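Beneath this line is the structure, given in structure tokens, with notes to follow.
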Amino acid sequence: MQLTRRDLLIMGSVGMATAALGVTPALASLTDDEIAKITGGAEVGAGDLSVTAPEIAENGNTVPIEISAPGATMVAVFADGNPTPNVVTFKFGPLNPTHAASTRIRLAKTQNVVAIAQMEDGSFQKASANVKVTIGGCGG
Amino acid sequence: MASGVKPRVKVPKTAAAGDSITIKTLISHKMESGQRKDGDGNLIPRSIINRFTADFNGENVIDVTLEPAISTNPYFQFDATVPESGEFKFTWYDDDGDVYETAKQISVS
Amino acid sequence: MKRAKTYASILTVAVAMGATSVWADADEDQLVVNGEIEMITEAAAAEHLEYVDTVYSGWRFRSDETQAFQMDDFDNPAMIFVEKAQEVWDTVDGSEGKACASCHEDVESLKGVRAVYPKWNESAGEVRTLEMQVNDCRENQMGAKPWKYTGGDMANMVALISSVSRGLPISVAIDGPAQETWEKGKEIYYTRYGQLELSCANCHEDNYGNMIRADHLSQGQINGFPTYRLKNTKLNSVHARFKGCVRDTRAQTFSPGSDEFIALELYVASRGNGLSVEGPSVRN
């Protein structure tokens with residue numbers, strides 16, 4: 001059998017697609033598992049919850065993020081491409097007017113920062129931001 | 001990790017009653033993730049600040065659970081309502097059992 | 001007529017692959033720290049720079065998020081180390097029963113010092129870096145042990161001393177007795193080192209503004225040192241950075257505190273004449 005260049009390209013892309021299918025759900029499930037622990041499987045919607053993060057981080061070691069969660073009692077933040085997805089959990093007390101917080105986090109590679117908020121009525125919201133993590137020019 | 005840990009907080013000295021003010025906090029800490037290996041290939045054990053709280057006159061503003069994905073020298077910025085004059089109390093809890101505290105007065109008119 | 005930047009270089013390959021419209025030459029952002037210290041991040045190049053018309057602070061090559069770290073002393077993690085050095089400044093050490101403060105009182109008395117170092121020391125008959133001067137004080141005034149050249153105590157103290165000069169223009173002298181050292185530093189700057197055969201100039205003069213893989217190359221100015229790097233979350237001294245750069249050319253490096261790095265520091269500092277002292281800055 002003769003394989004043309006085109007055949008090889010098609011085989012290559014199918015192979016890559018398969019690999020992607022095999023890998024992505026496995027990675028996402030770590031985060032999904034953690035989210036399920038919080039929600040107990042309840043439906044998760046969108047709302048005023050927001051995650052602000054740089055589109056491109058110059059170094060994954062220190063990435064500034066901001067969470068804004070009006071009406072939430074608690075926000076948990078996950079990084080779906082880190083070895084362990086948990087990043088930070090904020091619980092807002094009675095003297096917190098904005099239910100917003102900023103911090104600096106570690107991201108092992110390009111990935112999504114995912115926030116799950118538990119609202120005052122017990123419902124859940126989800127928001128995420130994709131951050132591209134670059135590596136240094138010459139390892140120095 | 002008790003050596004070299006130094007908390008810093010930034011709180012306005014004055015505010016009007018009921019104002020929302022912005023607070024910044026930073027504590028010097030390695031936040032050893034437990035994921036890194038030393039020169040001999042052995043895992044360096046995790047050693048992080050795992051919780052941070054801010055209270056005003058005994059009422060909670062924010063209660064944070066930190067994981068190893070928080071960067072070295074943990075930084076937080078958040079807002080607080082100040083109903084009256086009083087004291088902010090900030091507390092960091094270390095994996096090794098140490099607790100670091102600092103307080104700031106604010107006068108409200 | 002100064003030569004335009006040469007784009008023809010092996011590094012341009014990385015540029016072609018990595019550059020997007022997001023990255024270009026130095027950006028147009030203005031650096032004001034704490035809303036009060038106005039930094040000069042762009043200046044006409046000093047006369048002695050043959051191939052560059054304008055000098056830029058490395059801050060201008062960083063992303064908005066990284067830039068923001070340096071715009072407020074509370075957001076700048078380097079200031080933790082400045083505060084630690086302030087405690088050391090006031091603490092007696094050594095056989096003479098002295099602290100830094102015993103002679104210099106408030107650290108503000110050293111305002112302007114960072115801007116003129118490295119500097120010729122007449123009595124010692126040598127060009128001295130700030131680190132050398134700190135250790136001279138420790139050994140000969142305080143009777144204390146010298147600090148490791150690139151160690152934490154030293155980086156912290158140099159950051160404290162730099163911090164009180166922030167905003168002042170760098171103005172190191174390159175003539176008179178310092179000239180010989182300066183010439184030596186210049187020669188090192190233009191010498192290709194290592195298996196990759198790269199000189200300082202190949203990246204930081206010929207290719208600043210371009211991408212080296214995913215990194216935006218600056219002019220390699222040292223007005224922001226010591227610098228807190230997001231990469232290693234600590235203060236980095238000038239000579240430690242020189243060592244890292246030379247190592248990355250896959251060469252045997254000179255040692256921090258060596259005559260070669262002292263000369264190179266004088267030369268590189270002089271390339272930033274006119275830019276503000278920014279140390280301790282924040283970089284990636």
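Naming works like this for the structure tokens: A, B, ... for the chains as they're shown, residue 1 at the start of each chain, ligands 1 onward in shown order.
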Sorted by chain and rising residue number, which residues of chain B lie within 8 Å of chain A, and what are their closest atom pairs and distances in Å to one decimal, counting only C-alpha atoms, as a tab-separated table?
```
residue	atom	partner	partner_atom	distance
B:Ser20	CA	A:Pro97	CA	6.6
B:Phe56	CA	A:Leu95	CA	7.7
B:Glu59	CA	A:Leu95	CA	6.8
B:Asn60	CA	A:Gly93	CA	4.6
B:Val61	CA	A:Gly93	CA	4.4
B:Ile62	CA	A:Phe92	CA	4.7
B:Asp63	CA	A:Lys91	CA	5.0
B:Val64	CA	A:Phe90	CA	4.6
B:Thr65	CA	A:Thr89	CA	5.0
B:Leu66	CA	A:Val88	CA	4.8
B:Glu67	CA	A:Val87	CA	5.1
B:Pro68	CA	A:Val87	CA	7.0
B:Ala69	CA	A:Arg106	CA	4.9
B:Ile70	CA	A:Ile105	CA	4.5
B:Ser71	CA	A:Ile105	CA	4.8
B:Thr72	CA	A:Thr62	CA	7.9
B:Pro74	CA	A:Arg104	CA	7.0
B:Tyr75	CA	A:Thr103	CA	5.3
B:Phe76	CA	A:Thr103	CA	4.8
B:Gln77	CA	A:Ser102	CA	5.0
B:Phe78	CA	A:Ala101	CA	4.7
B:Asp79	CA	A:Asn96	CA	6.1
B:Ala80	CA	A:Asn96	CA	4.8
B:Thr81	CA	A:Leu95	CA	5.1
B:Val82	CA	A:Leu95	CA	7.4
```
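Backbone DSSP assigns strand (DSSP E or B) in stretch 81-230 of chain C to C:Asp93, C:Lys98, C:Lys119, C:Trp120, C:Asn121, C:Glu126, C:Val127, C:Arg128, C:Pro169, C:Tyr193, C:Leu198, C:Met211, C:Ile212, C:Asp215, C:His216, C:Thr227, C:Tyr228, C:Arg229.
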- Do a neighbour search on stretch 162-166 of chain C at 6 Å with only C-alpha atoms, toss out local chain neighbours closer than 6 positions, and write the hits as a PyMOL selection string. chain C and resi 108+111-112+114+277-279
Write out, as a PDB file, in the first residue's frame, the residues just selected, with N, CA and C atoms.
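Okay, out-v3.pdb is ready:
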```pdb
ATOM      1  N   GLU C 108      17.773  57.554  54.054  1.00  0.00           N
ATOM      2  CA  GLU C 108      17.548  58.662  53.113  1.00  0.00           C
ATOM      3  C   GLU C 108      18.825  59.468  52.872  1.00  0.00           C
ATOM      4  N   LYS C 111      20.484  58.919  49.600  1.00  0.00           N
ATOM      5  CA  LYS C 111      19.768  59.263  48.371  1.00  0.00           C
ATOM      6  C   LYS C 111      20.768  59.769  47.325  1.00  0.00           C
ATOM      7  N   GLY C 112      20.690  59.218  46.137  1.00  0.00           N
ATOM      8  CA  GLY C 112      21.603  59.617  45.069  1.00  0.00           C
ATOM      9  C   GLY C 112      22.766  58.667  44.860  1.00  0.00           C
ATOM     10  N   ARG C 114      22.871  55.249  44.669  1.00  0.00           N
ATOM     11  CA  ARG C 114      22.652  54.202  43.667  1.00  0.00           C
ATOM     12  C   ARG C 114      22.885  54.727  42.238  1.00  0.00           C
ATOM     13  N   VAL C 277      16.700  55.497  38.322  1.00  0.00           N
ATOM     14  CA  VAL C 277      16.891  54.362  39.230  1.00  0.00           C
ATOM     15  C   VAL C 277      15.501  53.805  39.535  1.00  0.00           C
ATOM     16  N   GLU C 278      15.297  52.506  39.296  1.00  0.00           N
ATOM     17  CA  GLU C 278      13.997  51.885  39.582  1.00  0.00           C
ATOM     18  C   GLU C 278      14.077  50.844  40.693  1.00  0.00           C
ATOM     19  N   GLY C 279      15.302  50.406  41.023  1.00  0.00           N
ATOM     20  CA  GLY C 279      15.445  49.308  41.971  1.00  0.00           C
ATOM     21  C   GLY C 279      14.817  49.609  43.323  1.00  0.00           C
TER      22      GLY C 279
END
```
- Task: Provide as a list in words the residues of chain B at most 8 Å from chain C, counting only C-alpha atoms.
- Result: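 That gives Lys6, Arg8, Lys10, Lys24, Leu26, Ser28, Thr72 and Asn73 of chain B for chain B.
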Just-selected residues, all heavy atoms written as a short mmCIF file (atom, residue, chain, number, x, y, z; two decimals), in the first residue's frame:
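Okay, part_37.cif is ready:
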```cif
data_model
loop_
_atom_site.label_atom_id
_atom_site.label_comp_id
_atom_site.auth_asym_id
_atom_site.auth_seq_id
_atom_site.Cartn_x
_atom_site.Cartn_y
_atom_site.Cartn_z
N LYS B 6 6.95 37.55 57.48
CA LYS B 6 6.68 38.93 57.87
C LYS B 6 5.40 39.40 57.19
O LYS B 6 5.34 39.47 55.96
CB LYS B 6 7.86 39.79 57.42
CG LYS B 6 7.86 41.20 57.94
CD LYS B 6 9.20 41.84 57.59
CE LYS B 6 9.14 43.34 57.63
NZ LYS B 6 8.70 43.91 58.89
N ARG B 8 2.52 42.06 55.99
CA ARG B 8 2.34 43.48 55.69
C ARG B 8 0.87 43.69 55.38
O ARG B 8 0.27 42.88 54.67
CB ARG B 8 3.11 43.91 54.44
CG ARG B 8 4.59 43.76 54.48
CD ARG B 8 5.17 44.14 53.11
NE ARG B 8 5.31 45.59 52.97
CZ ARG B 8 5.26 46.23 51.81
NH1 ARG B 8 5.02 45.57 50.69
NH2 ARG B 8 5.41 47.54 51.75
N LYS B 10 -2.13 46.91 54.36
CA LYS B 10 -2.37 48.31 54.01
C LYS B 10 -3.84 48.60 54.24
O LYS B 10 -4.71 48.05 53.55
CB LYS B 10 -1.98 48.55 52.56
CG LYS B 10 -2.04 50.00 52.14
CD LYS B 10 -1.53 50.12 50.70
CE LYS B 10 -1.51 51.56 50.23
NZ LYS B 10 -1.06 51.65 48.83
N LYS B 24 -5.17 45.69 51.42
CA LYS B 24 -4.19 44.82 50.76
C LYS B 24 -3.37 44.12 51.81
O LYS B 24 -2.99 44.74 52.82
CB LYS B 24 -3.26 45.64 49.86
CG LYS B 24 -3.95 46.31 48.68
CD LYS B 24 -2.96 47.12 47.86
CE LYS B 24 -3.65 47.77 46.66
NZ LYS B 24 -2.68 48.47 45.78
N LEU B 26 -0.04 41.14 52.42
CA LEU B 26 1.04 40.37 51.81
C LEU B 26 1.81 39.75 52.97
O LEU B 26 2.03 40.40 53.99
CB LEU B 26 1.95 41.34 51.04
CG LEU B 26 3.06 40.80 50.15
CD1 LEU B 26 2.48 40.09 48.94
CD2 LEU B 26 3.94 41.96 49.67
N SER B 28 5.41 37.39 53.73
CA SER B 28 6.57 36.73 53.11
C SER B 28 6.56 35.26 53.53
O SER B 28 6.59 34.94 54.71
CB SER B 28 7.87 37.41 53.56
OG SER B 28 7.97 37.39 54.96
N THR B 72 4.28 32.27 45.94
CA THR B 72 5.17 32.70 47.01
C THR B 72 4.80 34.11 47.46
O THR B 72 4.41 34.92 46.63
CB THR B 72 6.62 32.71 46.47
OG1 THR B 72 6.91 31.44 45.91
CG2 THR B 72 7.62 33.02 47.58
N ASN B 73 4.93 34.37 48.75
CA ASN B 73 4.56 35.67 49.32
C ASN B 73 3.09 36.00 49.05
O ASN B 73 2.78 36.93 48.29
CB ASN B 73 5.47 36.80 48.80
CG ASN B 73 6.94 36.49 49.02
OD1 ASN B 73 7.31 35.86 50.00
ND2 ASN B 73 7.79 36.90 48.09
#
```
- Identify every residue of chain C that has at least one atom within 10 Å of any atom of chain A, counting only C-alpha atoms, and report the result as an NGL selection string. :C and (14 or 22 or 62-66 or 68-69 or 211-217 or 229-233 or 241-249 or 283-284)
- What does the distance between atom CA of C:Ser237 and atom CA of C:Ala155 come to in Å, to one decimal place?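 Distance between the two atoms: 5.9 Å.
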- Kindly give the distance, in Å, that separates atom CA of C:Pro177 and atom CA of C:Glu131, rounded to a single decimal.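 Interatomic distance here is 19.7 Å.
Between atom CA of C:Ala159 and atom CA of C:Tyr208 the separation is 25.7 Å.
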- Item | Spatial neighbours of A:Gly71, max dist 9 Å, only C-alpha atoms, sep filter under 6 positions, as a PyMOL selection string | chain A and resi 48-49+98-99+118-121
- Task: Extract, using only C-alpha atoms, all DNA, RNA and protein residues at most 8 Å from B:Ser107, discarding same-chain residues fewer than 6 positions from it, and format them as a count of residues only.
- Result: 6
- Fewer than 6 positions away in the same chain doesn't count, so skip those; otherwise give me all residues within 10 Å of C:Arg138, counting only C-alpha atoms, as a PyMOL selection string. chain C and resi 93-94+96+98-100+132+144-147
